[in-house]
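See structure below.
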Amino acid sequence: MKIRTITTGINLKLPLQEEQFKKVAEFTIRAKTEFQKRGYVVQTRRTSTQPWEQYFKSKKQIVSLAKELERVHKKYRIDFFNIGTTKNPKNVSIIYDILKNTTIGFCTVTISDEKTLNFEAAKQTAKLIKKISKVDPDGFTNLRFAALFNTKAGSPFYPAAYHSGPTSFAIGTENSDLVYKAFSKAQDIQKASSILKKILTDEYKRIESIAKKISKKEKIKYDGIDVSIATSVNPDESIAYAFEKLGLGKFGEVGTLAIAKIVTDVVKNLDVKKCGYSGLMLPVLEDYGLAMRNKEGTFNLTNLLLYSAVCGTGLDTIPLPGNVSEKKLYALLLDIASLSIKLNKPLSARLMPVPNKKIGDMTKYKFEYFANSKTMKI
């Protein structure tokens, strides 16, 4: 297991005060050191602010502020920043300019809460996803954007992270290696739950102990761990290949849903302080086995939505053909929103149309945390 992120949530003060980020940087360096002393790899240090619409004054102001945030974060070597979400459809188009003018900034649109679907926000988001896809030749900028559905503040994971309340921190981990280890040992679905629970509990108790000590020493609120199963591009840590260790067939075939529910049930019942999704992530481009099984066609978007009903975080890093229509994207967003409202669960969508690619074409990303795969049909 690796620490994917130490994410510090702050209430951004305007005019921007560089000292605020200097203190965050110093804190996260000390926190990172504490984890490293105990043998953990810490991949990134990140920040999240209150939703950007709360400090939005004009398009010019928010784009200028995003540029300044990028400068400050790079100066203090904080890897990424997230200015959170907007619920106002009129603000959605501005996100294009925010992302185009930054390289480490993230933001989102909230399309639904637990009861209400904002149709206009969904329409504008579909239009935005298409427009963002043209910033880079490979459509990579959509990695820094997502549509959110019933997602609350406090998640350490991007792009869904945004903040509320006093300064605090949360932990997100890369942990699919533990599922692979547990299911390799179990080799049977009836044994999978107990073995996985023991392995995850032991590891998370250690992480929680470190985090609580950091919180006490630094006098910074600890929000918990997003114990979601986050994946890896290492074949021996693949969540898809972990599922297959239980002998029910390839990921995407019958039995996949049952295994997904087992994983989620274990994660939801872990005896640690949890935050964020705390579910099962199935990001197609961020897991070697998922990328390979997608190439083979063992699953499709409908399968992934089905799995989200019992487990997941929605649709994540989904490669799509560059000519996908706004109408199709809109319809897909409505499906995810409907699922989120019906089940009263947080979901998100990070959809990545790839310019000049047709359905079934291979992506050609040169990103160390991506495994290339085929574009998927909506």
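By convention in this document, the chains of the structure tokens carry letters A, B, ... by their order, each chain's residues are numbered from 1, and ligands are numbered from 1 in the order they are shown.
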Spatial neighbours of Pro137 of chain A, max dist 8 Å, only C-alpha atoms, sep filter under 3 positions, as a ChimeraX atom specification: /A:134,140,354-355
Written selection (N, CA and C atoms) as a tab-separated table (two decimals), in the first residue's frame:
```
chain	number	residue	atom	x	y	z
A	134	LYS	N	-10.30	19.28	-26.31
A	134	LYS	CA	-9.53	19.83	-27.42
A	134	LYS	C	-8.35	20.71	-26.97
A	140	PHE	N	-6.08	15.09	-22.64
A	140	PHE	CA	-5.63	14.78	-21.28
A	140	PHE	C	-6.19	15.75	-20.24
A	354	VAL	N	-11.06	11.45	-26.73
A	354	VAL	CA	-9.71	11.57	-27.28
A	354	VAL	C	-9.81	12.05	-28.73
A	355	PRO	N	-9.33	13.26	-29.01
A	355	PRO	CA	-9.44	13.79	-30.37
A	355	PRO	C	-8.88	12.84	-31.43
```
Residue set, segment 62-215 of chain A restricted to helix (DSSP H, G or I), as a CSV table (one decimal) with C-alpha atoms, in the first residue's frame:
```csv
chain,number,residue,atom,x,y,z
A,62,ILE,CA,-11.2,33.6,-11.0
A,63,VAL,CA,-8.9,32.8,-13.9
A,64,SER,CA,-6.3,35.2,-12.5
A,65,LEU,CA,-6.7,33.6,-9.1
A,66,ALA,CA,-6.2,30.1,-10.5
A,67,LYS,CA,-3.0,31.2,-12.2
A,68,GLU,CA,-1.8,32.7,-8.9
A,69,LEU,CA,-2.7,29.5,-7.0
A,70,GLU,CA,-0.7,27.5,-9.5
A,71,ARG,CA,2.3,29.8,-9.0
A,72,VAL,CA,2.2,29.5,-5.3
A,73,HIS,CA,1.7,25.7,-5.3
A,74,LYS,CA,4.7,25.3,-7.6
A,75,LYS,CA,6.8,27.6,-5.5
A,89,PRO,CA,-24.9,26.2,-14.7
A,90,LYS,CA,-23.9,29.8,-15.6
A,91,ASN,CA,-20.4,29.2,-14.2
A,94,ILE,CA,-15.6,29.3,-17.1
A,95,ILE,CA,-14.0,26.0,-16.1
A,96,TYR,CA,-12.6,25.7,-19.6
A,97,ASP,CA,-10.5,28.9,-19.0
A,98,ILE,CA,-9.5,27.8,-15.5
A,99,LEU,CA,-8.1,24.5,-16.7
A,100,LYS,CA,-6.6,25.9,-19.9
A,119,PHE,CA,-30.6,19.2,-16.1
A,120,GLU,CA,-29.0,22.5,-17.3
A,121,ALA,CA,-25.8,21.8,-15.3
A,122,ALA,CA,-25.7,18.4,-17.0
A,123,LYS,CA,-26.1,20.0,-20.5
A,124,GLN,CA,-23.4,22.5,-19.8
A,125,THR,CA,-21.1,19.9,-18.4
A,126,ALA,CA,-21.5,17.7,-21.5
A,127,LYS,CA,-20.6,20.7,-23.7
A,128,LEU,CA,-17.6,21.5,-21.4
A,129,ILE,CA,-16.2,18.0,-21.6
A,130,LYS,CA,-16.2,18.2,-25.4
A,131,LYS,CA,-14.5,21.6,-25.3
A,132,ILE,CA,-11.9,20.6,-22.7
A,140,PHE,CA,-5.6,14.8,-21.3
A,141,THR,CA,-7.0,18.0,-19.7
A,142,ASN,CA,-10.2,16.2,-18.8
A,143,LEU,CA,-8.2,14.3,-16.2
A,144,ARG,CA,-8.5,17.5,-14.1
A,176,SER,CA,-5.3,-2.5,-4.9
A,177,ASP,CA,-2.2,-4.5,-4.1
A,178,LEU,CA,-3.8,-5.6,-0.8
A,179,VAL,CA,-6.9,-6.8,-2.6
A,180,TYR,CA,-4.7,-8.7,-5.0
A,181,LYS,CA,-2.8,-10.3,-2.0
A,182,ALA,CA,-6.0,-11.1,-0.2
A,183,PHE,CA,-7.8,-12.7,-3.1
A,184,SER,CA,-4.7,-14.6,-4.2
A,185,LYS,CA,-4.7,-16.1,-0.7
A,186,ALA,CA,-8.5,-16.8,-0.7
A,189,ILE,CA,-15.4,-16.1,-3.1
A,190,GLN,CA,-16.6,-17.5,0.2
A,191,LYS,CA,-13.3,-16.9,1.9
A,192,ALA,CA,-12.6,-13.5,0.3
A,193,SER,CA,-14.4,-11.2,2.7
A,194,SER,CA,-12.8,-12.4,5.9
A,195,ILE,CA,-9.2,-12.4,4.5
A,196,LEU,CA,-9.6,-9.0,2.9
A,197,LYS,CA,-11.0,-7.5,6.0
A,198,LYS,CA,-8.1,-8.7,8.1
A,199,ILE,CA,-5.5,-7.4,5.7
A,200,LEU,CA,-7.1,-4.0,5.2
A,201,THR,CA,-7.9,-3.5,8.9
A,202,ASP,CA,-4.3,-4.2,9.9
A,203,GLU,CA,-2.9,-1.7,7.4
A,204,TYR,CA,-5.4,1.0,8.0
A,205,LYS,CA,-5.0,0.8,11.8
A,206,ARG,CA,-1.3,1.6,11.3
A,207,ILE,CA,-2.1,4.5,9.0
A,208,GLU,CA,-4.7,5.9,11.3
A,209,SER,CA,-2.4,5.7,14.3
A,210,ILE,CA,0.2,7.8,12.4
A,211,ALA,CA,-2.4,10.3,11.2
A,212,LYS,CA,-3.8,10.8,14.7
A,213,LYS,CA,-0.3,11.5,16.1
A,214,ILE,CA,0.3,14.0,13.3
A,215,SER,CA,-3.1,15.7,14.0
```
Which of A:Lys342, A:Ser48, A:Ser228, A:Gln61 sits closest to Thr173 of chain A [using only C-alpha atoms]: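 For Thr173 of chain A, the nearest of the candidates is A:Ser228.
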Backbone-only DSSP, strand (DSSP E or B) members of segment 117-231 of chain A, as a PyMOL selection string: chain A and resi 117+145-149+168-174+221-226+229
With C-alpha atoms retained, export the selected residues as an mmCIF file, in the first residue's frame.
```cif
data_model
loop_
_atom_site.group_PDB
_atom_site.id
_atom_site.type_symbol
_atom_site.label_atom_id
_atom_site.label_comp_id
_atom_site.auth_asym_id
_atom_site.auth_seq_id
_atom_site.Cartn_x
_atom_site.Cartn_y
_atom_site.Cartn_z
ATOM 1 C CA LEU A 117 -31.031 16.585 -10.805
ATOM 2 C CA PHE A 145 -12.245 17.745 -14.342
ATOM 3 C CA ALA A 146 -15.221 15.676 -13.219
ATOM 4 C CA ALA A 147 -18.976 15.822 -12.873
ATOM 5 C CA LEU A 148 -20.121 15.146 -9.302
ATOM 6 C CA PHE A 149 -23.321 13.579 -8.043
ATOM 7 C CA SER A 168 -7.984 19.771 8.131
ATOM 8 C CA PHE A 169 -6.293 16.900 6.363
ATOM 9 C CA ALA A 170 -7.304 13.510 5.032
ATOM 10 C CA ILE A 171 -5.510 10.506 3.620
ATOM 11 C CA GLY A 172 -6.105 8.653 0.348
ATOM 12 C CA THR A 173 -4.256 5.448 -0.446
ATOM 13 C CA GLU A 174 -3.286 3.296 -3.420
ATOM 14 C CA LYS A 221 -8.078 18.388 12.393
ATOM 15 C CA TYR A 222 -7.875 14.858 10.978
ATOM 16 C CA ASP A 223 -10.839 14.056 8.699
ATOM 17 C CA GLY A 224 -10.047 10.376 8.224
ATOM 18 C CA ILE A 225 -9.022 8.005 5.458
ATOM 19 C CA ASP A 226 -10.872 7.521 2.216
ATOM 20 C CA ILE A 229 -9.873 0.710 -3.236
#
```
Test item: residues at most 8 Å from segment 247-264 of chain A, only C-alpha atoms, excluding those fewer than 5 positions along its chain, as a list in words: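 That gives Gln187, Asp188, Ile189, Ala192, Ser193, Leu196, Ala240, Tyr241, Gly279, Leu280, Leu290, Arg293, Thr298, Phe299, Asn300, Asn303, Leu306, Tyr307, Val310, Cys311 and Gly312 of chain A.
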Expected file: the selected residues, N, CA and C atoms, as an mmCIF file, in the first residue's frame:
```cif
data_model
loop_
_atom_site.group_PDB
_atom_site.id
_atom_site.type_symbol
_atom_site.label_atom_id
_atom_site.label_comp_id
_atom_site.auth_asym_id
_atom_site.auth_seq_id
_atom_site.Cartn_x
_atom_site.Cartn_y
_atom_site.Cartn_z
ATOM 1 N N GLN A 187 -8.623 -17.387 -3.016
ATOM 2 C CA GLN A 187 -8.916 -18.229 -4.184
ATOM 3 C C GLN A 187 -10.340 -18.778 -4.204
ATOM 4 N N ASP A 188 -11.204 -18.199 -3.398
ATOM 5 C CA ASP A 188 -12.594 -18.642 -3.325
ATOM 6 C C ASP A 188 -13.434 -17.483 -2.800
ATOM 7 N N ILE A 189 -14.574 -17.210 -3.421
ATOM 8 C CA ILE A 189 -15.376 -16.060 -3.055
ATOM 9 C C ILE A 189 -15.900 -16.154 -1.625
ATOM 10 N N ALA A 192 -13.183 -14.815 0.647
ATOM 11 C CA ALA A 192 -12.593 -13.531 0.264
ATOM 12 C C ALA A 192 -12.836 -12.434 1.288
ATOM 13 N N SER A 193 -14.041 -12.340 1.818
ATOM 14 C CA SER A 193 -14.403 -11.244 2.698
ATOM 15 C C SER A 193 -13.559 -11.218 3.971
ATOM 16 N N LEU A 196 -9.804 -10.407 3.252
ATOM 17 C CA LEU A 196 -9.620 -9.017 2.854
ATOM 18 C C LEU A 196 -9.803 -8.075 4.045
ATOM 19 N N ALA A 240 -8.618 -5.643 -11.372
ATOM 20 C CA ALA A 240 -9.275 -6.593 -12.281
ATOM 21 C C ALA A 240 -8.682 -7.984 -12.122
ATOM 22 N N TYR A 241 -7.368 -8.057 -12.095
ATOM 23 C CA TYR A 241 -6.718 -9.356 -11.932
ATOM 24 C C TYR A 241 -6.935 -9.925 -10.535
ATOM 25 N N GLY A 279 -15.344 3.527 -1.163
ATOM 26 C CA GLY A 279 -15.968 2.501 -1.986
ATOM 27 C C GLY A 279 -14.923 1.796 -2.833
ATOM 28 N N LEU A 280 -15.320 1.351 -3.996
ATOM 29 C CA LEU A 280 -14.424 0.656 -4.917
ATOM 30 C C LEU A 280 -14.274 1.482 -6.187
ATOM 31 N N LEU A 290 -7.793 -3.579 -15.842
ATOM 32 C CA LEU A 290 -9.000 -2.983 -16.421
ATOM 33 C C LEU A 290 -8.746 -2.527 -17.849
ATOM 34 N N ARG A 293 -8.580 -5.710 -20.046
ATOM 35 C CA ARG A 293 -9.887 -6.352 -20.254
ATOM 36 C C ARG A 293 -10.795 -5.466 -21.115
ATOM 37 N N THR A 298 -14.351 -7.395 -22.486
ATOM 38 C CA THR A 298 -15.085 -8.201 -21.504
ATOM 39 C C THR A 298 -16.083 -7.379 -20.697
ATOM 40 N N PHE A 299 -15.992 -6.043 -20.789
ATOM 41 C CA PHE A 299 -16.974 -5.191 -20.117
ATOM 42 C C PHE A 299 -17.187 -3.931 -20.944
ATOM 43 N N ASN A 300 -18.273 -3.210 -20.607
ATOM 44 C CA ASN A 300 -18.581 -1.947 -21.292
ATOM 45 C C ASN A 300 -19.078 -0.930 -20.266
ATOM 46 N N ASN A 303 -21.826 -2.159 -17.964
ATOM 47 C CA ASN A 303 -21.307 -2.996 -16.873
ATOM 48 C C ASN A 303 -20.783 -2.123 -15.733
ATOM 49 N N LEU A 306 -23.463 -0.661 -13.752
ATOM 50 C CA LEU A 306 -24.069 -1.715 -12.926
ATOM 51 C C LEU A 306 -23.233 -1.941 -11.665
ATOM 52 N N TYR A 307 -21.927 -2.005 -11.814
ATOM 53 C CA TYR A 307 -21.062 -2.219 -10.651
ATOM 54 C C TYR A 307 -21.142 -1.031 -9.692
ATOM 55 N N VAL A 310 -23.583 -1.171 -6.713
ATOM 56 C CA VAL A 310 -23.274 -1.873 -5.461
ATOM 57 C C VAL A 310 -21.972 -1.410 -4.838
ATOM 58 N N CYS A 311 -21.181 -0.625 -5.571
ATOM 59 C CA CYS A 311 -19.849 -0.424 -5.034
ATOM 60 C C CYS A 311 -19.232 0.930 -5.268
ATOM 61 N N GLY A 312 -19.294 1.413 -6.459
ATOM 62 C CA GLY A 312 -18.212 2.256 -6.924
ATOM 63 C C GLY A 312 -18.368 3.735 -6.779
#
```
Counting only C-alpha atoms, the residue of A:Val227, A:Trp52, A:Asp113, A:Asp236 that sits nearest Leu343 of chain A: A:Asp113
Nearest to Ser338 of chain A by atom-to-atom distance, counting only C-alpha atoms, from A:Glu114, A:Glu326, A:Glu244, A:Asp361: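 Going through A:Glu114, A:Glu326, A:Glu244, A:Asp361 one by one, the smallest distance to Ser338 of chain A is for A:Glu114.
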Atom-to-atom span, atom CA of Ala371 of chain A and atom CA of Ser133 of chain A, Å: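 According to the coordinates, atom CA of Ala371 of chain A and atom CA of Ser133 of chain A are separated by 18.6 Å.
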From A:Val267, A:Leu16, A:Ile220, A:Val42, residue lying nearest Met281 of chain A [only C-alpha atoms]: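 Of all the options, A:Val267 lies closest to Met281 of chain A.
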Selection near Leu320 of chain A, 7 Å with only C-alpha atoms, sequence-local residues under 5 positions removed, as a list in words: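 In the requested form, the answer reads Met352, Pro353, Val354, Thr375, Met376 and Lys377 of chain A.
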